[in-house]
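This is data_14.pdb (PDB, N, CA and C atoms, pLDDT in the B column).
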```pdb
ATOM      1  N   MET A 363     -21.158  10.838  20.105  1.00 60.00           N
ATOM      2  CA  MET A 363     -20.600  11.584  18.989  1.00 60.00           C
ATOM      3  C   MET A 363     -19.182  12.047  19.299  1.00 60.00           C
ATOM      4  N   ILE A 364     -18.966  12.634  20.469  1.00 66.00           N
ATOM      5  CA  ILE A 364     -17.632  13.120  20.848  1.00 66.00           C
ATOM      6  C   ILE A 364     -16.658  11.945  20.942  1.00 66.00           C
ATOM      7  N   GLU A 365     -17.147  10.793  21.426  1.00 67.00           N
ATOM      8  CA  GLU A 365     -16.288   9.621  21.556  1.00 67.00           C
ATOM      9  C   GLU A 365     -15.759   9.183  20.189  1.00 67.00           C
ATOM     10  N   SER A 366     -16.615   9.189  19.163  1.00 69.00           N
ATOM     11  CA  SER A 366     -16.165   8.788  17.830  1.00 69.00           C
ATOM     12  C   SER A 366     -15.189   9.822  17.252  1.00 69.00           C
ATOM     13  N   ILE A 367     -15.359  11.077  17.580  1.00 71.00           N
ATOM     14  CA  ILE A 367     -14.421  12.109  17.121  1.00 71.00           C
ATOM     15  C   ILE A 367     -13.063  11.900  17.781  1.00 71.00           C
ATOM     16  N   ASN A 368     -13.051  11.553  19.070  1.00 80.00           N
ATOM     17  CA  ASN A 368     -11.800  11.321  19.788  1.00 80.00           C
ATOM     18  C   ASN A 368     -11.064  10.094  19.262  1.00 80.00           C
ATOM     19  N   LYS A 369     -11.779   9.132  18.670  1.00 82.00           N
ATOM     20  CA  LYS A 369     -11.159   7.912  18.153  1.00 82.00           C
ATOM     21  C   LYS A 369     -10.677   8.078  16.714  1.00 82.00           C
ATOM     22  N   TYR A 370     -11.053   9.172  16.054  1.00 84.00           N
ATOM     23  CA  TYR A 370     -10.659   9.356  14.655  1.00 84.00           C
ATOM     24  C   TYR A 370      -9.138   9.314  14.520  1.00 84.00           C
ATOM     25  N   GLY A 371      -8.681   8.551  13.556  1.00 84.00           N
ATOM     26  CA  GLY A 371      -7.251   8.405  13.327  1.00 84.00           C
ATOM     27  C   GLY A 371      -6.630   7.296  14.140  1.00 84.00           C
ATOM     28  N   LYS A 372      -7.411   6.671  14.998  1.00 86.00           N
ATOM     29  CA  LYS A 372      -6.901   5.594  15.843  1.00 86.00           C
ATOM     30  C   LYS A 372      -7.595   4.272  15.563  1.00 86.00           C
ATOM     31  N   MET A 373      -8.707   4.333  14.847  1.00 88.00           N
ATOM     32  CA  MET A 373      -9.484   3.120  14.583  1.00 88.00           C
ATOM     33  C   MET A 373      -8.895   2.384  13.380  1.00 88.00           C
ATOM     34  N   PRO A 374      -8.553   1.109  13.552  1.00 91.00           N
ATOM     35  CA  PRO A 374      -7.969   0.361  12.431  1.00 91.00           C
ATOM     36  C   PRO A 374      -9.003   0.127  11.326  1.00 91.00           C
ATOM     37  N   LYS A 375      -8.536   0.184  10.100  1.00 92.00           N
ATOM     38  CA  LYS A 375      -9.362  -0.096   8.927  1.00 92.00           C
ATOM     39  C   LYS A 375      -8.683  -1.181   8.125  1.00 92.00           C
ATOM     40  N   ARG A 376      -9.477  -1.969   7.444  1.00 93.00           N
ATOM     41  CA  ARG A 376      -8.967  -3.070   6.641  1.00 93.00           C
ATOM     42  C   ARG A 376      -9.054  -2.682   5.169  1.00 93.00           C
ATOM     43  N   ILE A 377      -7.973  -2.910   4.451  1.00 94.00           N
ATOM     44  CA  ILE A 377      -7.946  -2.670   3.009  1.00 94.00           C
ATOM     45  C   ILE A 377      -7.830  -4.039   2.345  1.00 94.00           C
ATOM     46  N   VAL A 378      -8.765  -4.347   1.466  1.00 95.00           N
ATOM     47  CA  VAL A 378      -8.808  -5.685   0.867  1.00 95.00           C
ATOM     48  C   VAL A 378      -8.925  -5.574  -0.648  1.00 95.00           C
ATOM     49  N   PHE A 379      -8.153  -6.371  -1.354  1.00 96.00           N
ATOM     50  CA  PHE A 379      -8.282  -6.490  -2.798  1.00 96.00           C
ATOM     51  C   PHE A 379      -7.762  -7.857  -3.204  1.00 96.00           C
ATOM     52  N   ASN A 380      -8.061  -8.262  -4.411  1.00 98.00           N
ATOM     53  CA  ASN A 380      -7.690  -9.590  -4.886  1.00 98.00           C
ATOM     54  C   ASN A 380      -6.579  -9.525  -5.922  1.00 98.00           C
ATOM     55  N   VAL A 381      -5.676 -10.481  -5.834  1.00 97.00           N
ATOM     56  CA  VAL A 381      -4.648 -10.700  -6.842  1.00 97.00           C
ATOM     57  C   VAL A 381      -4.575 -12.203  -7.095  1.00 97.00           C
ATOM     58  N   THR A 382      -3.922 -12.594  -8.162  1.00 98.00           N
ATOM     59  CA  THR A 382      -3.800 -14.026  -8.439  1.00 98.00           C
ATOM     60  C   THR A 382      -2.862 -14.675  -7.422  1.00 98.00           C
ATOM     61  N   ASP A 383      -2.986 -15.990  -7.301  1.00 98.00           N
ATOM     62  CA  ASP A 383      -2.109 -16.715  -6.387  1.00 98.00           C
ATOM     63  C   ASP A 383      -0.644 -16.582  -6.815  1.00 98.00           C
ATOM     64  N   HIS A 384      -0.398 -16.519  -8.114  1.00 98.00           N
ATOM     65  CA  HIS A 384       0.966 -16.364  -8.612  1.00 98.00           C
ATOM     66  C   HIS A 384       1.544 -15.004  -8.231  1.00 98.00           C
ATOM     67  N   ASP A 385       0.774 -13.947  -8.456  1.00 98.00           N
ATOM     68  CA  ASP A 385       1.241 -12.606  -8.091  1.00 98.00           C
ATOM     69  C   ASP A 385       1.481 -12.498  -6.591  1.00 98.00           C
ATOM     70  N   HIS A 386       0.607 -13.105  -5.812  1.00 98.00           N
ATOM     71  CA  HIS A 386       0.763 -13.074  -4.351  1.00 98.00           C
ATOM     72  C   HIS A 386       2.040 -13.796  -3.936  1.00 98.00           C
ATOM     73  N   ALA A 387       2.282 -14.969  -4.527  1.00 98.00           N
ATOM     74  CA  ALA A 387       3.489 -15.733  -4.192  1.00 98.00           C
ATOM     75  C   ALA A 387       4.747 -14.944  -4.559  1.00 98.00           C
ATOM     76  N   GLN A 388       4.735 -14.296  -5.727  1.00 98.00           N
ATOM     77  CA  GLN A 388       5.886 -13.479  -6.125  1.00 98.00           C
ATOM     78  C   GLN A 388       6.114 -12.333  -5.145  1.00 98.00           C
ATOM     79  N   LEU A 389       5.031 -11.684  -4.742  1.00 98.00           N
ATOM     80  CA  LEU A 389       5.136 -10.582  -3.785  1.00 98.00           C
ATOM     81  C   LEU A 389       5.752 -11.065  -2.475  1.00 98.00           C
ATOM     82  N   ILE A 390       5.236 -12.171  -1.959  1.00 98.00           N
ATOM     83  CA  ILE A 390       5.736 -12.697  -0.684  1.00 98.00           C
ATOM     84  C   ILE A 390       7.231 -13.003  -0.777  1.00 98.00           C
ATOM     85  N   LEU A 391       7.648 -13.634  -1.878  1.00 98.00           N
ATOM     86  CA  LEU A 391       9.070 -13.955  -2.035  1.00 98.00           C
ATOM     87  C   LEU A 391       9.929 -12.700  -2.094  1.00 98.00           C
ATOM     88  N   ARG A 392       9.475 -11.695  -2.828  1.00 98.00           N
ATOM     89  CA  ARG A 392      10.257 -10.457  -2.935  1.00 98.00           C
ATOM     90  C   ARG A 392      10.293  -9.708  -1.597  1.00 98.00           C
ATOM     91  N   LEU A 393       9.187  -9.727  -0.879  1.00 98.00           N
ATOM     92  CA  LEU A 393       9.171  -9.073   0.429  1.00 98.00           C
ATOM     93  C   LEU A 393      10.094  -9.792   1.404  1.00 98.00           C
ATOM     94  N   LYS A 394      10.073 -11.133   1.378  1.00 98.00           N
ATOM     95  CA  LYS A 394      10.976 -11.892   2.260  1.00 98.00           C
ATOM     96  C   LYS A 394      12.423 -11.578   1.934  1.00 98.00           C
ATOM     97  N   HIS A 395      12.729 -11.443   0.649  1.00 98.00           N
ATOM     98  CA  HIS A 395      14.092 -11.100   0.222  1.00 98.00           C
ATOM     99  C   HIS A 395      14.517  -9.759   0.820  1.00 98.00           C
ATOM    100  N   ASN A 396      13.553  -8.852   0.990  1.00 97.00           N
ATOM    101  CA  ASN A 396      13.824  -7.526   1.559  1.00 97.00           C
ATOM    102  C   ASN A 396      13.485  -7.429   3.046  1.00 97.00           C
ATOM    103  N   SER A 397      13.234  -8.573   3.673  1.00 98.00           N
ATOM    104  CA  SER A 397      12.925  -8.644   5.107  1.00 98.00           C
ATOM    105  C   SER A 397      11.737  -7.773   5.496  1.00 98.00           C
ATOM    106  N   LEU A 398      10.676  -7.816   4.679  1.00 98.00           N
ATOM    107  CA  LEU A 398       9.459  -7.058   4.952  1.00 98.00           C
ATOM    108  C   LEU A 398       8.257  -7.981   5.013  1.00 98.00           C
ATOM    109  N   THR A 399       7.318  -7.651   5.868  1.00 97.00           N
ATOM    110  CA  THR A 399       6.036  -8.343   5.857  1.00 97.00           C
ATOM    111  C   THR A 399       5.093  -7.589   4.916  1.00 97.00           C
ATOM    112  N   GLN A 400       3.997  -8.234   4.553  1.00 96.00           N
ATOM    113  CA  GLN A 400       3.002  -7.560   3.726  1.00 96.00           C
ATOM    114  C   GLN A 400       2.503  -6.303   4.422  1.00 96.00           C
ATOM    115  N   SER A 401       2.241  -6.419   5.695  1.00 96.00           N
ATOM    116  CA  SER A 401       1.733  -5.293   6.464  1.00 96.00           C
ATOM    117  C   SER A 401       2.723  -4.130   6.452  1.00 96.00           C
ATOM    118  N   GLU A 402       3.992  -4.411   6.707  1.00 97.00           N
ATOM    119  CA  GLU A 402       5.008  -3.356   6.692  1.00 97.00           C
ATOM    120  C   GLU A 402       5.074  -2.691   5.319  1.00 97.00           C
ATOM    121  N   PHE A 403       5.031  -3.505   4.267  1.00 98.00           N
ATOM    122  CA  PHE A 403       5.125  -2.981   2.911  1.00 98.00           C
ATOM    123  C   PHE A 403       3.967  -2.046   2.591  1.00 98.00           C
ATOM    124  N   PHE A 404       2.736  -2.509   2.819  1.00 97.00           N
ATOM    125  CA  PHE A 404       1.584  -1.693   2.461  1.00 97.00           C
ATOM    126  C   PHE A 404       1.454  -0.461   3.349  1.00 97.00           C
ATOM    127  N   LYS A 405       1.828  -0.570   4.610  1.00 97.00           N
ATOM    128  CA  LYS A 405       1.824   0.608   5.483  1.00 97.00           C
ATOM    129  C   LYS A 405       2.853   1.625   5.007  1.00 97.00           C
ATOM    130  N   ALA A 406       4.011   1.151   4.532  1.00 97.00           N
ATOM    131  CA  ALA A 406       5.032   2.061   4.008  1.00 97.00           C
ATOM    132  C   ALA A 406       4.531   2.766   2.752  1.00 97.00           C
ATOM    133  N   ILE A 407       3.824   2.039   1.893  1.00 97.00           N
ATOM    134  CA  ILE A 407       3.256   2.643   0.679  1.00 97.00           C
ATOM    135  C   ILE A 407       2.230   3.706   1.057  1.00 97.00           C
ATOM    136  N   ILE A 408       1.353   3.392   2.004  1.00 97.00           N
ATOM    137  CA  ILE A 408       0.335   4.347   2.441  1.00 97.00           C
ATOM    138  C   ILE A 408       0.992   5.592   3.027  1.00 97.00           C
ATOM    139  N   ASP A 409       2.005   5.399   3.873  1.00 97.00           N
ATOM    140  CA  ASP A 409       2.722   6.544   4.450  1.00 97.00           C
ATOM    141  C   ASP A 409       3.348   7.400   3.352  1.00 97.00           C
ATOM    142  N   ALA A 410       3.948   6.757   2.357  1.00 97.00           N
ATOM    143  CA  ALA A 410       4.588   7.492   1.270  1.00 97.00           C
ATOM    144  C   ALA A 410       3.568   8.299   0.478  1.00 97.00           C
ATOM    145  N   VAL A 411       2.419   7.708   0.189  1.00 97.00           N
ATOM    146  CA  VAL A 411       1.367   8.438  -0.532  1.00 97.00           C
ATOM    147  C   VAL A 411       0.874   9.610   0.306  1.00 97.00           C
ATOM    148  N   ASN A 412       0.583   9.349   1.566  1.00 96.00           N
ATOM    149  CA  ASN A 412       0.045  10.396   2.443  1.00 96.00           C
ATOM    150  C   ASN A 412       1.035  11.529   2.694  1.00 96.00           C
ATOM    151  N   ASN A 413       2.330  11.228   2.604  1.00 97.00           N
ATOM    152  CA  ASN A 413       3.356  12.239   2.848  1.00 97.00           C
ATOM    153  C   ASN A 413       3.945  12.801   1.550  1.00 97.00           C
ATOM    154  N   ASN A 414       3.265  12.542   0.432  1.00 97.00           N
ATOM    155  CA  ASN A 414       3.692  13.056  -0.880  1.00 97.00           C
ATOM    156  C   ASN A 414       5.154  12.740  -1.196  1.00 97.00           C
ATOM    157  N   ASP A 415       5.558  11.508  -0.930  1.00 98.00           N
ATOM    158  CA  ASP A 415       6.917  11.075  -1.243  1.00 98.00           C
ATOM    159  C   ASP A 415       7.172  11.230  -2.742  1.00 98.00           C
ATOM    160  N   GLU A 416       8.203  11.985  -3.090  1.00 97.00           N
ATOM    161  CA  GLU A 416       8.484  12.302  -4.485  1.00 97.00           C
ATOM    162  C   GLU A 416       8.728  11.057  -5.334  1.00 97.00           C
ATOM    163  N   ASN A 417       9.435  10.065  -4.776  1.00 97.00           N
ATOM    164  CA  ASN A 417       9.716   8.846  -5.532  1.00 97.00           C
ATOM    165  C   ASN A 417       8.439   8.083  -5.852  1.00 97.00           C
ATOM    166  N   LEU A 418       7.580   7.952  -4.877  1.00 97.00           N
ATOM    167  CA  LEU A 418       6.346   7.212  -5.109  1.00 97.00           C
ATOM    168  C   LEU A 418       5.409   7.990  -6.021  1.00 97.00           C
ATOM    169  N   LEU A 419       5.324   9.297  -5.838  1.00 96.00           N
ATOM    170  CA  LEU A 419       4.469  10.107  -6.709  1.00 96.00           C
ATOM    171  C   LEU A 419       4.951  10.043  -8.154  1.00 96.00           C
ATOM    172  N   SER A 420       6.249  10.001  -8.358  1.00 97.00           N
ATOM    173  CA  SER A 420       6.808   9.857  -9.697  1.00 97.00           C
ATOM    174  C   SER A 420       6.419   8.501 -10.292  1.00 97.00           C
ATOM    175  N   PHE A 421       6.522   7.456  -9.481  1.00 96.00           N
ATOM    176  CA  PHE A 421       6.127   6.120  -9.926  1.00 96.00           C
ATOM    177  C   PHE A 421       4.645   6.097 -10.304  1.00 96.00           C
ATOM    178  N   ILE A 422       3.804   6.678  -9.467  1.00 96.00           N
ATOM    179  CA  ILE A 422       2.362   6.695  -9.731  1.00 96.00           C
ATOM    180  C   ILE A 422       2.055   7.466 -11.008  1.00 96.00           C
ATOM    181  N   SER A 423       2.706   8.585 -11.187  1.00 96.00           N
ATOM    182  CA  SER A 423       2.500   9.387 -12.385  1.00 96.00           C
ATOM    183  C   SER A 423       2.898   8.606 -13.641  1.00 96.00           C
ATOM    184  N   GLU A 424       4.040   7.957 -13.583  1.00 96.00           N
ATOM    185  CA  GLU A 424       4.508   7.150 -14.720  1.00 96.00           C
ATOM    186  C   GLU A 424       3.549   5.985 -14.977  1.00 96.00           C
ATOM    187  N   TYR A 425       3.117   5.334 -13.912  1.00 96.00           N
ATOM    188  CA  TYR A 425       2.190   4.205 -14.044  1.00 96.00           C
ATOM    189  C   TYR A 425       0.869   4.641 -14.672  1.00 96.00           C
ATOM    190  N   THR A 426       0.316   5.738 -14.208  1.00 95.00           N
ATOM    191  CA  THR A 426      -0.978   6.184 -14.752  1.00 95.00           C
ATOM    192  C   THR A 426      -0.830   6.628 -16.202  1.00 95.00           C
ATOM    193  N   SER A 427       0.320   7.193 -16.560  1.00 95.00           N
ATOM    194  CA  SER A 427       0.550   7.573 -17.953  1.00 95.00           C
ATOM    195  C   SER A 427       0.592   6.333 -18.848  1.00 95.00           C
ATOM    196  N   LYS A 428       1.292   5.299 -18.411  1.00 94.00           N
ATOM    197  CA  LYS A 428       1.360   4.055 -19.191  1.00 94.00           C
ATOM    198  C   LYS A 428      -0.001   3.374 -19.283  1.00 94.00           C
ATOM    199  N   LYS A 429      -0.756   3.435 -18.194  1.00 90.00           N
ATOM    200  CA  LYS A 429      -2.065   2.776 -18.139  1.00 90.00           C
ATOM    201  C   LYS A 429      -3.055   3.412 -19.113  1.00 90.00           C
ATOM    202  N   GLN A 430      -2.888   4.688 -19.415  1.00 90.00           N
ATOM    203  CA  GLN A 430      -3.830   5.408 -20.267  1.00 90.00           C
ATOM    204  C   GLN A 430      -3.502   5.289 -21.749  1.00 90.00           C
ATOM    205  N   LYS A 431      -2.554   4.439 -22.104  1.00 66.00           N
ATOM    206  CA  LYS A 431      -2.173   4.288 -23.513  1.00 66.00           C
ATOM    207  C   LYS A 431      -3.360   3.968 -24.388  1.00 66.00           C
TER     208      LYS A 431
END
```

Please go through the file and, once you have read it, give me the structure as structure tokens.
Amino acid sequence: MIESINKYGKMPKRIVFNVTDHDHAQLILRLKHNSLTQSEFFKAIIDAVNNNDENLLSFISEYTSKKQK
């Protein structure tokens, strides 16, 4: 039990979801244009969410408002 508590925050987790092949190809091209890997991009998004980044929170708020139309 103590061992699992000591590992908290250090154990890697996998996040998986599906997108179309077209959307994936577009993402890869845009990331390459910005010299980012998928991993770097998604880790940056997670960090921004976890750190309450104002720009990302604004984007999320706008997105959820549009989605609820």

Note to self: If I take atom CA of Ala410 of chain A and atom CA of Asp383 of chain A, how far is one from the other in Å, to one decimal?
What the structure shows: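 Interatomic distance here is 26.3 Å.
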
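Taking atom CA of Glu402 of chain A as the reference point, atom CA of Leu389 of chain A is found at 12.7 Å.
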
Next item on the list: For each of A:Lys375, A:Gln430, A:Val381, A:Gln388, take the minimum atom-to-atom distance to Lys405 of chain A, counting only C-alpha atoms, then give the residue where this is smallest.
Entry: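 Ranking A:Lys375, A:Gln430, A:Val381, A:Gln388 by distance to Lys405 of chain A, first place goes to A:Lys375.
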
Next item on the list: To one decimal in Å, tell me the separation between atom CA of Ser423 of chain A and atom N of Phe403 of chain A.
Entry: 21.2 Å

Next item on the list: Just list the residues in chain A DSSP gives alpha helix (DSSP H) on the backbone, as a PyMOL selection string.
Entry: chain A and resi 364-369+383-395+400-412+416-429

Notebook entry, point to check: For Val378 of chain A, which of A:Thr426, A:Arg392, A:Ser401, A:Asn417 is the closest residue, counting only C-alpha atoms?
Noted result: A:Ser401

Assuming 5 Å of padding per side, give the centre and edge lengths of the axis-aligned box around every listed atom of segment 369-385 of chain A, in Å to one decimal and as lines of an AutoDock Vina configuration file.
```
center_x = -5.1
center_y = -3.7
center_z = 5.0
size_x = 23.3
size_y = 36.1
size_z = 37.3
```
